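What follows is the content of coords.cif (mmCIF, C-alpha atoms).
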```cif
data_coords
loop_
_atom_site.label_atom_id
_atom_site.label_comp_id
_atom_site.auth_asym_id
_atom_site.auth_seq_id
_atom_site.Cartn_x
_atom_site.Cartn_y
_atom_site.Cartn_z
CA MET S 1 -86.98 49.93 68.41
CA VAL S 2 -83.51 51.42 68.70
CA ARG S 3 -82.24 49.06 66.00
CA LYS S 4 -85.02 50.16 63.69
CA LYS S 5 -84.21 53.79 64.25
CA ALA S 6 -80.53 53.05 63.75
CA LEU S 7 -81.33 51.38 60.45
CA LEU S 8 -83.32 54.41 59.32
CA PHE S 9 -80.53 56.67 60.42
CA PHE S 10 -77.99 54.55 58.58
CA VAL S 11 -80.13 54.61 55.42
CA ILE S 12 -80.51 58.37 55.58
CA ILE S 13 -76.77 58.85 55.98
CA ALA S 14 -76.00 56.38 53.17
CA VAL S 15 -78.41 58.06 50.77
CA PHE S 16 -77.06 61.47 51.66
CA ILE S 17 -73.51 60.29 50.97
CA LEU S 18 -74.65 58.74 47.67
CA MET S 19 -76.33 61.95 46.60
CA THR S 20 -73.43 64.11 47.68
CA TYR S 21 -71.14 61.90 45.63
CA GLN S 22 -73.42 62.18 42.63
CA SER S 23 -73.74 65.93 42.93
CA LYS S 24 -69.94 66.17 42.67
CA HIS S 25 -69.18 63.39 40.16
CA GLY S 26 -72.37 63.16 38.13
CA HIS S 27 -75.21 60.65 38.25
CA VAL S 28 -74.34 57.02 38.77
CA GLY S 29 -75.79 54.51 36.34
CA SER S 30 -79.43 53.96 35.68
CA LEU S 31 -81.26 50.64 35.21
CA PRO S 32 -81.06 49.95 31.45
CA PHE S 33 -82.49 46.45 31.74
CA LEU S 34 -85.50 47.59 33.71
CA ASN S 35 -85.92 50.59 31.44
CA THR S 36 -85.95 48.33 28.38
CA LEU S 37 -88.37 45.92 30.04
CA LEU S 38 -90.70 48.73 31.06
CA ASP S 39 -90.53 50.34 27.61
CA ALA S 40 -91.24 47.01 25.90
CA THR S 41 -94.18 46.37 28.20
CA GLN S 42 -95.49 49.90 27.66
CA SER S 43 -95.26 49.34 23.92
CA ALA S 44 -97.10 46.01 24.17
CA VAL S 45 -99.79 47.51 26.38
CA SER S 46 -100.10 50.44 23.97
CA SER S 47 -100.56 48.16 20.99
CA VAL S 48 -103.18 46.10 22.84
CA THR S 49 -105.12 49.17 24.05
CA ASP S 50 -104.79 50.75 20.61
CA SER S 51 -106.19 47.68 18.89
CA LEU S 52 -109.04 47.60 21.42
CA SER S 53 -109.84 51.29 21.19
CA ARG S 54 -109.29 51.67 17.41
CA PRO S 55 -112.76 50.38 16.40
CA PHE S 56 -114.41 52.74 18.89
CA ARG S 57 -112.29 55.65 17.70
CA ARG S 58 -113.20 54.79 14.11
CA MET S 59 -116.86 54.65 15.07
CA ALA S 60 -116.61 58.03 16.74
CA LEU S 61 -114.84 59.44 13.67
CA ARG S 62 -117.47 57.99 11.36
CA GLU S 63 -120.22 59.39 13.55
CA GLU S 64 -118.56 62.79 13.40
CA GLU S 65 -118.16 62.53 9.64
CA ASN S 66 -121.74 61.36 9.31
CA ILE S 67 -123.03 64.41 11.17
CA ARG S 68 -120.82 66.68 9.06
CA LEU S 69 -121.98 65.06 5.82
CA LYS S 70 -125.62 65.24 6.89
CA LYS S 71 -125.25 68.97 7.51
CA ARG S 72 -123.60 69.36 4.12
CA LEU S 73 -126.35 67.32 2.49
CA ASP S 74 -129.02 69.48 4.11
CA GLY S 75 -127.26 72.55 2.77
CA LEU S 76 -126.99 71.07 -0.70
CA LEU S 77 -130.63 70.01 -0.72
CA LEU S 78 -131.63 73.53 0.24
CA GLU S 79 -129.44 74.91 -2.53
CA GLN S 80 -130.83 72.38 -4.99
CA GLY S 81 -134.36 73.38 -4.00
CA LYS S 82 -133.54 77.02 -4.66
CA LEU S 83 -132.00 76.17 -8.03
CA GLN S 84 -134.97 74.01 -8.94
CA GLU S 85 -137.26 76.86 -8.00
CA ALA S 86 -135.24 79.23 -10.18
CA VAL S 87 -135.40 76.80 -13.11
CA LEU S 88 -139.17 76.43 -12.77
CA GLU S 89 -139.63 80.17 -12.47
CA ASN S 90 -137.50 80.66 -15.54
CA LYS S 91 -139.65 78.18 -17.44
CA ARG S 92 -142.87 79.88 -16.34
CA LEU S 93 -141.58 83.33 -17.22
CA LYS S 94 -140.46 82.09 -20.65
CA GLU S 95 -143.97 80.77 -21.28
CA LEU S 96 -145.44 84.07 -20.14
CA LEU S 97 -143.06 85.92 -22.45
CA LYS S 98 -144.16 83.76 -25.33
CA LEU S 99 -147.79 84.41 -24.44
CA ARG S 100 -147.11 88.12 -24.27
CA GLU S 101 -145.53 88.07 -27.73
CA ASN S 102 -148.51 86.15 -29.11
CA HIS S 103 -151.12 88.54 -27.71
CA ARG S 104 -151.59 91.81 -29.47
CA ASN S 105 -153.80 93.04 -26.62
CA TYR S 106 -151.14 92.59 -23.99
CA VAL S 107 -151.35 95.03 -21.07
CA ALA S 108 -149.10 93.76 -18.32
CA ALA S 109 -147.54 90.71 -16.78
CA ALA S 110 -148.37 90.43 -13.09
CA ARG S 111 -147.37 88.36 -10.14
CA VAL S 112 -150.00 86.97 -7.77
CA VAL S 113 -149.40 88.67 -4.46
CA SER S 114 -152.03 86.92 -2.38
CA ARG S 115 -155.40 85.26 -2.34
CA GLY S 116 -158.45 87.30 -1.51
CA SER S 117 -159.16 87.56 2.17
CA GLY S 118 -162.82 86.52 1.91
CA TYR S 119 -163.43 82.89 2.73
CA TRP S 120 -166.11 82.47 0.06
CA ASP S 121 -164.54 84.69 -2.60
CA HIS S 122 -162.23 83.22 -5.20
CA THR S 123 -160.15 86.27 -5.87
CA PHE S 124 -156.45 87.03 -6.15
CA THR S 125 -154.48 90.20 -5.68
CA LEU S 126 -152.09 91.06 -8.54
CA ASP S 127 -149.13 93.39 -8.26
CA LYS S 128 -150.11 95.61 -11.20
CA GLY S 129 -152.59 98.47 -11.14
CA THR S 130 -153.77 101.49 -13.11
CA LEU S 131 -150.22 102.83 -13.24
CA ASP S 132 -149.36 99.81 -15.40
CA GLY S 133 -152.40 100.26 -17.61
CA VAL S 134 -154.61 97.72 -15.91
CA ALA S 135 -158.35 98.49 -15.90
CA LYS S 136 -161.54 96.86 -14.63
CA ASP S 137 -162.95 93.97 -16.71
CA MET S 138 -159.65 93.15 -18.36
CA THR S 139 -158.94 89.49 -19.02
CA VAL S 140 -156.39 87.55 -17.02
CA ILE S 141 -154.73 84.58 -18.70
CA THR S 142 -151.89 82.15 -18.09
CA PRO S 143 -150.00 79.91 -20.51
CA LEU S 144 -152.57 77.20 -19.71
CA GLY S 145 -155.69 79.27 -20.34
CA LEU S 146 -158.20 81.70 -18.90
CA ALA S 147 -157.66 82.61 -15.26
CA GLY S 148 -160.29 85.25 -14.62
CA LYS S 149 -161.00 88.92 -14.96
CA ILE S 150 -160.08 92.12 -13.19
CA ILE S 151 -162.85 93.33 -10.92
CA ARG S 152 -161.12 96.06 -8.93
CA VAL S 153 -158.05 98.19 -9.56
CA SER S 154 -155.97 100.57 -7.50
CA ASP S 155 -152.82 102.44 -8.55
CA SER S 156 -150.48 99.52 -7.94
CA TYR S 157 -152.69 96.51 -7.38
CA ALA S 158 -155.58 94.75 -9.05
CA THR S 159 -158.07 92.19 -7.84
CA MET S 160 -158.79 89.26 -10.14
CA LEU S 161 -162.00 87.23 -10.00
CA TRP S 162 -161.11 83.58 -10.46
CA VAL S 163 -162.79 81.68 -13.31
CA SER S 164 -164.68 79.33 -10.99
CA ASP S 165 -166.00 82.00 -8.63
CA ILE S 166 -169.79 81.97 -8.32
CA ASN S 167 -169.94 85.49 -9.75
CA PHE S 168 -167.88 84.68 -12.83
CA SER S 169 -169.41 84.02 -16.24
CA ALA S 170 -168.10 84.15 -19.80
CA ALA S 171 -169.35 83.44 -23.31
CA VAL S 172 -167.66 80.27 -24.54
CA ARG S 173 -167.87 77.70 -27.26
CA ILE S 174 -166.97 74.01 -27.47
CA GLN S 175 -163.94 73.73 -29.70
CA ASP S 176 -164.97 70.68 -31.76
CA SER S 177 -168.71 71.24 -32.14
CA ARG S 178 -168.44 75.07 -32.19
CA ARG S 179 -171.51 75.14 -29.98
CA GLU S 180 -171.85 78.33 -27.94
CA ALA S 181 -172.69 78.36 -24.26
CA VAL S 182 -172.27 80.38 -21.11
CA LEU S 183 -169.63 79.32 -18.64
CA SER S 184 -170.33 80.08 -15.00
CA GLY S 185 -168.35 79.56 -11.84
CA THR S 186 -169.76 77.28 -9.15
CA GLY S 187 -167.89 78.54 -6.14
CA SER S 188 -165.89 75.31 -6.04
CA ARG S 189 -162.92 74.55 -8.28
CA LEU S 190 -165.20 73.66 -11.22
CA CYS S 191 -167.36 75.58 -13.71
CA VAL S 192 -170.56 74.65 -15.48
CA LEU S 193 -171.85 75.26 -19.00
CA LYS S 194 -175.25 76.86 -18.85
CA TYR S 195 -177.99 76.60 -21.46
CA MET S 196 -176.66 73.50 -23.20
CA PRO S 197 -179.72 71.84 -24.89
CA TYR S 198 -180.41 68.11 -24.59
CA GLU S 199 -179.95 67.40 -28.27
CA GLU S 200 -176.45 68.79 -28.30
CA LYS S 201 -173.86 65.97 -28.13
CA VAL S 202 -171.15 66.91 -25.68
CA LYS S 203 -168.29 64.53 -24.97
CA GLN S 204 -166.08 64.29 -21.94
CA GLY S 205 -162.73 65.92 -22.68
CA ASP S 206 -164.15 68.48 -25.11
CA VAL S 207 -162.16 71.70 -24.92
CA VAL S 208 -164.04 74.86 -24.01
CA MET S 209 -162.77 78.21 -25.34
CA THR S 210 -163.93 81.82 -25.07
CA SER S 211 -166.13 82.88 -27.95
CA GLY S 212 -165.67 86.65 -27.60
CA PHE S 213 -169.40 87.29 -27.92
CA ASP S 214 -169.64 88.84 -24.49
CA SER S 215 -167.19 91.57 -25.56
CA PHE S 216 -165.27 91.09 -22.32
CA PHE S 217 -162.99 88.21 -23.19
CA PRO S 218 -161.02 87.93 -26.43
CA PRO S 219 -162.06 84.89 -28.50
CA GLY S 220 -160.01 81.69 -28.65
CA ILE S 221 -158.66 81.56 -25.11
CA PRO S 222 -158.81 78.00 -23.79
CA VAL S 223 -160.80 77.80 -20.54
CA GLY S 224 -161.02 74.14 -19.60
CA TYR S 225 -162.30 70.73 -20.62
CA VAL S 226 -165.62 68.97 -20.14
CA SER S 227 -165.18 66.65 -17.18
CA LYS S 228 -168.76 65.50 -16.45
CA ILE S 229 -172.03 65.40 -18.39
CA ASP S 230 -175.48 64.66 -17.01
CA VAL S 231 -178.06 64.56 -19.80
CA GLN S 232 -180.89 64.49 -17.23
CA GLY S 233 -179.74 67.89 -16.20
CA ILE S 234 -180.87 69.58 -13.06
CA GLY S 235 -184.41 70.07 -14.33
CA GLY S 236 -185.56 72.32 -17.16
CA ASN S 237 -184.55 71.96 -20.81
CA PHE S 238 -180.81 71.81 -20.54
CA GLN S 239 -178.21 69.20 -19.72
CA TYR S 240 -175.66 69.59 -16.95
CA VAL S 241 -172.07 69.97 -18.24
CA GLU S 242 -169.22 70.39 -15.84
CA VAL S 243 -165.98 72.05 -16.96
CA THR S 244 -162.63 71.78 -15.19
CA PRO S 245 -160.44 74.83 -15.81
CA PHE S 246 -157.02 74.16 -17.32
CA GLN S 247 -155.41 76.45 -14.83
CA ASP S 248 -155.39 75.19 -11.27
CA SER S 249 -155.95 78.04 -8.82
CA ALA S 250 -153.58 76.45 -6.36
CA LYS S 251 -150.72 76.74 -8.87
CA LEU S 252 -151.31 80.32 -9.93
CA GLU S 253 -148.16 82.47 -9.67
CA GLU S 254 -147.70 84.74 -12.69
CA VAL S 255 -150.39 85.94 -15.10
CA ILE S 256 -150.78 88.08 -18.18
CA ILE S 257 -153.41 90.79 -18.32
CA VAL S 258 -154.89 91.42 -21.74
CA ARG S 259 -157.58 93.72 -23.06
CA MET T 1 -93.82 33.66 45.47
CA LYS T 2 -94.59 36.54 47.79
CA TYR T 3 -91.64 38.51 46.43
CA VAL T 4 -92.73 37.84 42.84
CA ALA T 5 -96.16 39.24 43.68
CA TRP T 6 -94.60 42.33 45.25
CA MET T 7 -92.32 42.84 42.26
CA THR T 8 -95.25 42.42 39.89
CA ALA T 9 -97.21 44.98 41.89
CA VAL T 10 -94.29 47.42 41.73
CA PHE T 11 -93.87 46.79 37.99
CA CYS T 12 -97.59 47.29 37.36
CA ALA T 13 -97.62 50.48 39.43
CA LEU T 14 -94.70 51.88 37.43
CA LEU T 15 -96.33 50.75 34.19
CA LEU T 16 -99.62 52.41 35.13
CA GLN T 17 -97.87 55.61 36.18
CA GLY T 18 -96.59 55.89 32.64
CA ARG T 19 -100.01 55.50 31.09
CA VAL T 20 -102.47 57.36 33.28
CA THR T 21 -102.74 61.10 33.90
CA VAL T 22 -105.38 63.06 35.77
CA LEU T 23 -105.53 66.75 34.81
CA GLY T 24 -102.05 66.28 33.40
CA VAL T 25 -100.75 64.87 36.69
CA VAL T 26 -99.15 61.42 36.79
CA PRO T 27 -100.38 59.57 39.89
CA ASN T 28 -97.85 58.47 42.49
CA LEU T 29 -98.83 54.81 42.70
CA ALA T 30 -95.49 53.54 43.96
CA VAL T 31 -96.09 55.24 47.28
CA LEU T 32 -99.23 53.12 47.71
CA ILE T 33 -97.18 49.93 47.56
CA VAL T 34 -94.61 51.25 50.01
CA PHE T 35 -97.34 52.48 52.34
CA TYR T 36 -99.04 49.09 52.23
CA ALA T 37 -95.79 47.21 52.77
CA GLY T 38 -94.94 49.33 55.79
CA MET T 39 -98.41 49.01 57.24
CA ARG T 40 -98.57 45.23 56.85
CA HIS T 41 -94.99 44.21 57.56
CA GLY T 42 -93.54 46.75 59.93
CA GLU T 43 -90.86 49.43 59.88
CA ASN T 44 -87.90 47.45 58.57
CA LYS T 45 -89.69 45.83 55.66
CA GLY T 46 -91.47 49.10 54.93
CA LEU T 47 -88.15 50.89 54.89
CA LEU T 48 -86.48 48.28 52.68
CA THR T 49 -89.42 48.09 50.29
CA GLY T 50 -89.38 51.88 50.08
CA LEU T 51 -85.63 51.84 49.38
CA LEU T 52 -86.04 49.25 46.64
CA VAL T 53 -89.04 50.89 44.98
CA GLY T 54 -87.36 54.29 45.25
CA PHE T 55 -84.17 52.87 43.78
CA ILE T 56 -86.10 51.49 40.80
CA GLU T 57 -87.89 54.80 40.33
CA ASP T 58 -84.63 56.73 40.50
CA GLY T 59 -83.01 54.24 38.16
CA LEU T 60 -85.78 54.64 35.63
CA SER T 61 -85.64 58.42 35.81
CA ALA T 62 -82.95 60.46 34.17
CA GLY T 63 -81.99 62.04 37.49
CA MET T 64 -79.73 61.05 40.36
CA ILE T 65 -80.14 57.93 42.46
CA GLY T 66 -81.28 58.70 45.98
CA PRO T 67 -84.19 61.15 46.36
CA ASN T 68 -86.95 58.60 45.75
CA MET T 69 -85.03 55.96 47.68
CA LEU T 70 -84.92 58.10 50.79
CA ALA T 71 -88.41 59.50 50.40
CA LYS T 72 -90.05 56.11 49.85
CA GLY T 73 -87.93 54.57 52.59
CA ILE T 74 -89.16 57.17 55.07
CA VAL T 75 -92.75 56.69 53.88
CA GLY T 76 -92.51 52.91 54.40
CA TYR T 77 -90.99 53.39 57.82
CA VAL T 78 -93.44 56.04 58.97
CA ALA T 79 -96.45 54.11 57.64
CA ALA T 80 -95.52 51.22 59.86
CA PHE T 81 -94.55 53.39 62.79
CA PHE T 82 -97.77 55.34 62.89
CA ILE T 83 -100.43 53.04 61.65
CA SER T 84 -99.58 49.55 62.68
CA GLY T 85 -97.45 50.39 65.67
CA GLY T 86 -100.25 51.19 68.05
CA PHE T 87 -99.49 54.89 68.02
CA PHE T 88 -102.83 55.63 66.37
CA ARG T 89 -105.94 53.51 66.00
CA TRP T 90 -106.63 52.82 62.32
CA THR T 91 -109.92 53.95 60.84
CA PRO T 92 -110.71 54.34 57.12
CA LEU T 93 -110.69 58.14 57.48
CA PHE T 94 -107.39 58.02 59.31
CA GLY T 95 -106.01 55.77 56.57
CA MET T 96 -107.04 58.31 53.93
CA LEU T 97 -105.54 61.18 55.90
CA SER T 98 -102.28 59.24 56.47
CA LEU T 99 -101.93 58.41 52.82
CA PHE T 100 -102.61 62.03 51.88
CA VAL T 101 -99.96 63.27 54.30
CA LEU T 102 -97.41 60.59 53.39
CA THR T 103 -97.81 61.18 49.65
CA LEU T 104 -97.33 64.88 50.29
CA ALA T 105 -94.29 64.06 52.47
CA ASP T 106 -92.85 61.78 49.78
CA ASN T 107 -93.12 64.54 47.19
CA THR T 108 -91.73 67.16 49.55
CA ILE T 109 -88.69 65.06 50.41
CA VAL T 110 -88.00 64.25 46.75
CA VAL T 111 -88.31 67.90 45.75
CA LEU T 112 -86.13 69.07 48.62
CA LEU T 113 -83.40 66.50 47.94
CA LYS T 114 -83.42 67.19 44.21
CA THR T 115 -83.26 70.91 44.91
CA VAL T 116 -80.37 70.55 47.34
CA PHE T 117 -78.31 67.92 45.53
CA ASP T 118 -79.24 68.37 41.89
CA LYS T 119 -81.65 71.04 40.63
CA PRO T 120 -85.31 71.92 41.37
CA PRO T 121 -87.68 69.63 39.46
CA GLY T 122 -89.99 72.51 38.44
CA GLY T 123 -91.59 75.79 39.39
CA PHE T 124 -93.04 76.21 42.86
CA ALA T 125 -96.66 76.44 41.73
CA SER T 126 -96.47 73.34 39.55
CA ILE T 127 -94.70 71.39 42.31
CA VAL T 128 -97.45 72.32 44.79
CA PHE T 129 -100.20 71.49 42.28
CA ILE T 130 -98.70 68.12 41.36
CA SER T 131 -98.05 67.20 45.00
CA VAL T 132 -101.54 68.11 46.17
CA MET T 133 -103.16 66.38 43.20
CA GLN T 134 -101.14 63.19 43.75
CA SER T 135 -102.04 63.26 47.45
CA LEU T 136 -105.73 63.76 46.68
CA LEU T 137 -105.67 60.95 44.12
CA ASN T 138 -103.96 58.57 46.55
CA ALA T 139 -106.00 59.48 49.63
CA PRO T 140 -109.12 57.38 48.86
CA ALA T 141 -106.95 54.25 48.63
CA GLY T 142 -106.07 54.80 52.32
CA ALA T 143 -109.58 53.66 53.28
CA PHE T 144 -108.98 50.24 51.69
CA LEU T 145 -105.33 49.56 52.51
CA ARG T 146 -105.79 48.14 56.01
CA PRO T 147 -103.09 47.16 58.55
CA GLY T 148 -102.82 43.47 59.44
CA HIS T 149 -104.34 43.76 62.90
CA VAL T 150 -107.56 45.29 61.56
CA ASP T 151 -108.28 42.17 59.44
#
```
Could you express the structure from this file as structure tokens?
Amino acid sequence: MVRKKALLFFVIIAVFILMTYQSKHGHVGSLPFLNTLLDATQSAVSSVTDSLSRPFRRMALREEENIRLKKRLDGLLLEQGKLQEAVLENKRLKELLKLRENHRNYVAAARVVSRGSGYWDHTFTLDKGTLDGVAKDMTVITPLGLAGKIIRVSDSYATMLWVSDINFSAAVRIQDSRREAVLSGTGSRLCVLKYMPYEEKVKQGDVVMTSGFDSFFPPGIPVGYVSKIDVQGIGGNFQYVEVTPFQDSAKLEEVIIVR
Amino acid sequence: MKYVAWMTAVFCALLLQGRVTVLGVVPNLAVLIVFYAGMRHGENKGLLTGLLVGFIEDGLSAGMIGPNMLAKGIVGYVAAFFISGGFFRWTPLFGMLSLFVLTLADNTIVVLLKTVFDKPPGGFASIVFISVMQSLLNAPAGAFLRPGHVD
């Protein structure tokens, strides 16, 4: 035990002397061989760990880039959607402008604000009213054809009755045969031609236009095409002719109001 | 063969010290080897192992030769004296506590010697933080590094 303590004591003294010497004369040599060996090993280990971790790092980078690109793509798609919408709106407005130029009885161009609140009514609210010259019973058209008529007006808004509403009717004629008839709404998305006699030959696809005889609608406005004919009719002396309006109510956005 | 294994362990510890950091603190793995050597092989071998490992550490550092030699030597000696010498009965918790204290002692001795004979190795706060962190990192190993008589 004493020898062990003596050894420790000797070591402490020796190290103290060594350090005292170094503090006066500068540090004694290092271990260049061991340093080189350790550095070389560190370098080798680094290259091995790098080569092992590189694929994972690349994957992480790609994942990061993927997320970034996806975000960018989402942004671009949104922007593209907006641009597309602007292009379509531009196209629609150009058509409306052309329609306005072609109609001498032009009153106002209106935007559809909303659908009518009634579940059974097929009406739309337009953003033009008496202040813009709009009045009851005026005709509402689109570049595709007849849309309806004005049934109620306030200063800034008007209510339009859709062409296929059950309360809607208009004097029309078949374009090819020039046969007159009365077009009525059915409450669904279709209309029917009333009072069409059996002997009258009506073909599917015949275009139906306003005749102007009812003194509400100007003549020559396309309304729709004949989509179904039942010569047996629904009883009585007339055949059943179904007309599909050219203008789809679900796609109604801007309209022209004419007298 | 035994010496080759010890040298390899020392080399690996030094290699690992250069590659691993925890919260910016490099672990003091060399003290584990010295602690184990002292615990398994007694005071003299613990002391000599500590001197050798410390000498290598000092040699690899840019500083003076001596502080790590003395600190590790004392750690090797004390590890044997306390743990395997019958002074205390070894338990895993005691092993952890010993390693914590001895790592702290190793750092304290090195800092003191460097301060006295060379220059302080850093600011007080950073020295305390590094020492405590190294001790905390080493402490769990004390539960697994058992003295020979426990096996």
Result set of the PyMOL selection byres ((chain T) within 10 of (chain S)) on the coordinates above, as a VMD selection string: chain T and resid 11 to 12 14 to 16 18 to 19 42 to 44 47 to 48 51 55 to 71 73 to 74 77 113 to 114 116 to 119
Residue with smallest distance to Gly236 of chain S - pool S:Trp162, S:Tyr195, S:Phe168, S:Phe124, counting all atoms listed in the file: S:Tyr195
Spatial neighbours of segment 125-128 of chain S, 6 Å, all atoms listed in the file, chain gap at least 6 places, as a list in words: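 Non-adjacent residues within range: Ala110, Arg111, Val112, Val113, Ser114, Ser156, Tyr157, Ala158 and Thr159 of chain S.
Across T:Lys72, T:Arg146, T:Lys45, T:Arg89, the tightest approach to Ala30 of chain T is made by T:Lys72 when counting all atoms listed in the file.
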Atom CA of Val140 of chain S to atom CA of Lys82 of chain S, straight-line distance in Å: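 Going from atom CA of Lys82 of chain S over to atom CA of Val140 of chain S, I get 28.0 Å.
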Exercise: Asp121 of chain S partners within 12 Å, all atoms listed in the file, chain neighbours under 4 positions left out, as a ChimeraX atom specification: /S:115-117,125,159-168,185-189
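Note that the spacing between atom CA of Tyr36 of chain T and atom CA of Thr108 of chain T amounts to 19.7 Å.
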Would you save segment 1-65 of chain T to a file, keeping C-alpha atoms, as a PDB file, in the first residue's frame?
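For reference, out.pdb as written:
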```
ATOM      1  CA  MET T   1      -3.081  -9.454 -27.183  1.00  0.00           C
ATOM      2  CA  LYS T   2      -4.544  -7.853 -24.087  1.00  0.00           C
ATOM      3  CA  TYR T   3      -2.445  -4.729 -24.637  1.00  0.00           C
ATOM      4  CA  VAL T   4      -3.530  -4.535 -28.278  1.00  0.00           C
ATOM      5  CA  ALA T   5      -7.159  -4.634 -27.160  1.00  0.00           C
ATOM      6  CA  TRP T   6      -6.524  -1.875 -24.622  1.00  0.00           C
ATOM      7  CA  MET T   7      -4.722   0.248 -27.206  1.00  0.00           C
ATOM      8  CA  THR T   8      -7.542  -0.301 -29.681  1.00  0.00           C
ATOM      9  CA  ALA T   9     -10.055   0.741 -27.033  1.00  0.00           C
ATOM     10  CA  VAL T  10      -8.046   3.898 -26.299  1.00  0.00           C
ATOM     11  CA  PHE T  11      -7.715   4.644 -30.019  1.00  0.00           C
ATOM     12  CA  CYS T  12     -11.446   4.117 -30.583  1.00  0.00           C
ATOM     13  CA  ALA T  13     -12.312   6.316 -27.595  1.00  0.00           C
ATOM     14  CA  LEU T  14     -10.122   9.122 -28.939  1.00  0.00           C
ATOM     15  CA  LEU T  15     -11.546   8.617 -32.426  1.00  0.00           C
ATOM     16  CA  LEU T  16     -15.109   8.769 -31.111  1.00  0.00           C
ATOM     17  CA  GLN T  17     -14.369  11.852 -29.023  1.00  0.00           C
ATOM     18  CA  GLY T  18     -13.486  13.625 -32.245  1.00  0.00           C
ATOM     19  CA  ARG T  19     -16.723  12.697 -33.952  1.00  0.00           C
ATOM     20  CA  VAL T  20     -19.483  12.889 -31.364  1.00  0.00           C
ATOM     21  CA  THR T  21     -20.845  15.952 -29.577  1.00  0.00           C
ATOM     22  CA  VAL T  22     -23.825  16.284 -27.269  1.00  0.00           C
ATOM     23  CA  LEU T  23     -25.174  19.836 -26.994  1.00  0.00           C
ATOM     24  CA  GLY T  24     -21.826  20.958 -28.361  1.00  0.00           C
ATOM     25  CA  VAL T  25     -19.926  19.063 -25.656  1.00  0.00           C
ATOM     26  CA  VAL T  26     -17.333  16.454 -26.618  1.00  0.00           C
ATOM     27  CA  PRO T  27     -17.713  13.431 -24.320  1.00  0.00           C
ATOM     28  CA  ASN T  28     -14.782  12.423 -22.131  1.00  0.00           C
ATOM     29  CA  LEU T  29     -14.572   8.764 -23.146  1.00  0.00           C
ATOM     30  CA  ALA T  30     -10.916   8.290 -22.254  1.00  0.00           C
ATOM     31  CA  VAL T  31     -11.777   8.570 -18.583  1.00  0.00           C
ATOM     32  CA  LEU T  32     -14.072   5.546 -18.965  1.00  0.00           C
ATOM     33  CA  ILE T  33     -11.156   3.384 -20.066  1.00  0.00           C
ATOM     34  CA  VAL T  34      -8.942   4.596 -17.240  1.00  0.00           C
ATOM     35  CA  PHE T  35     -11.751   4.100 -14.734  1.00  0.00           C
ATOM     36  CA  TYR T  36     -12.326   0.568 -15.983  1.00  0.00           C
ATOM     37  CA  ALA T  37      -8.628  -0.264 -15.975  1.00  0.00           C
ATOM     38  CA  GLY T  38      -8.256   0.951 -12.403  1.00  0.00           C
ATOM     39  CA  MET T  39     -11.345  -0.890 -11.253  1.00  0.00           C
ATOM     40  CA  ARG T  40     -10.354  -4.202 -12.846  1.00  0.00           C
ATOM     41  CA  HIS T  41      -6.594  -4.213 -12.383  1.00  0.00           C
ATOM     42  CA  GLY T  42      -5.836  -2.232  -9.272  1.00  0.00           C
ATOM     43  CA  GLU T  43      -4.131   1.023  -8.358  1.00  0.00           C
ATOM     44  CA  ASN T  44      -0.799   0.601 -10.138  1.00  0.00           C
ATOM     45  CA  LYS T  45      -2.209  -0.494 -13.470  1.00  0.00           C
ATOM     46  CA  GLY T  46      -4.955   2.106 -13.168  1.00  0.00           C
ATOM     47  CA  LEU T  47      -2.363   4.765 -12.514  1.00  0.00           C
ATOM     48  CA  LEU T  48      -0.131   3.660 -15.394  1.00  0.00           C
ATOM     49  CA  THR T  49      -3.027   3.321 -17.812  1.00  0.00           C
ATOM     50  CA  GLY T  50      -4.176   6.790 -16.791  1.00  0.00           C
ATOM     51  CA  LEU T  51      -0.657   8.157 -17.333  1.00  0.00           C
ATOM     52  CA  LEU T  52      -0.440   6.575 -20.780  1.00  0.00           C
ATOM     53  CA  VAL T  53      -3.913   7.624 -21.925  1.00  0.00           C
ATOM     54  CA  GLY T  54      -3.350  11.107 -20.513  1.00  0.00           C
ATOM     55  CA  PHE T  55       0.008  11.312 -22.244  1.00  0.00           C
ATOM     56  CA  ILE T  56      -1.606  10.411 -25.579  1.00  0.00           C
ATOM     57  CA  GLU T  57      -4.356  12.959 -25.021  1.00  0.00           C
ATOM     58  CA  ASP T  58      -1.854  15.657 -24.126  1.00  0.00           C
ATOM     59  CA  GLY T  59       0.286  14.683 -27.087  1.00  0.00           C
ATOM     60  CA  LEU T  60      -2.638  14.971 -29.438  1.00  0.00           C
ATOM     61  CA  SER T  61      -3.663  18.339 -28.043  1.00  0.00           C
ATOM     62  CA  ALA T  62      -1.857  21.531 -28.843  1.00  0.00           C
ATOM     63  CA  GLY T  63      -1.205  22.191 -25.161  1.00  0.00           C
ATOM     64  CA  MET T  64       1.448  21.113 -22.694  1.00  0.00           C
ATOM     65  CA  ILE T  65       2.174  17.523 -21.732  1.00  0.00           C
TER      66      ILE T  65
END
```
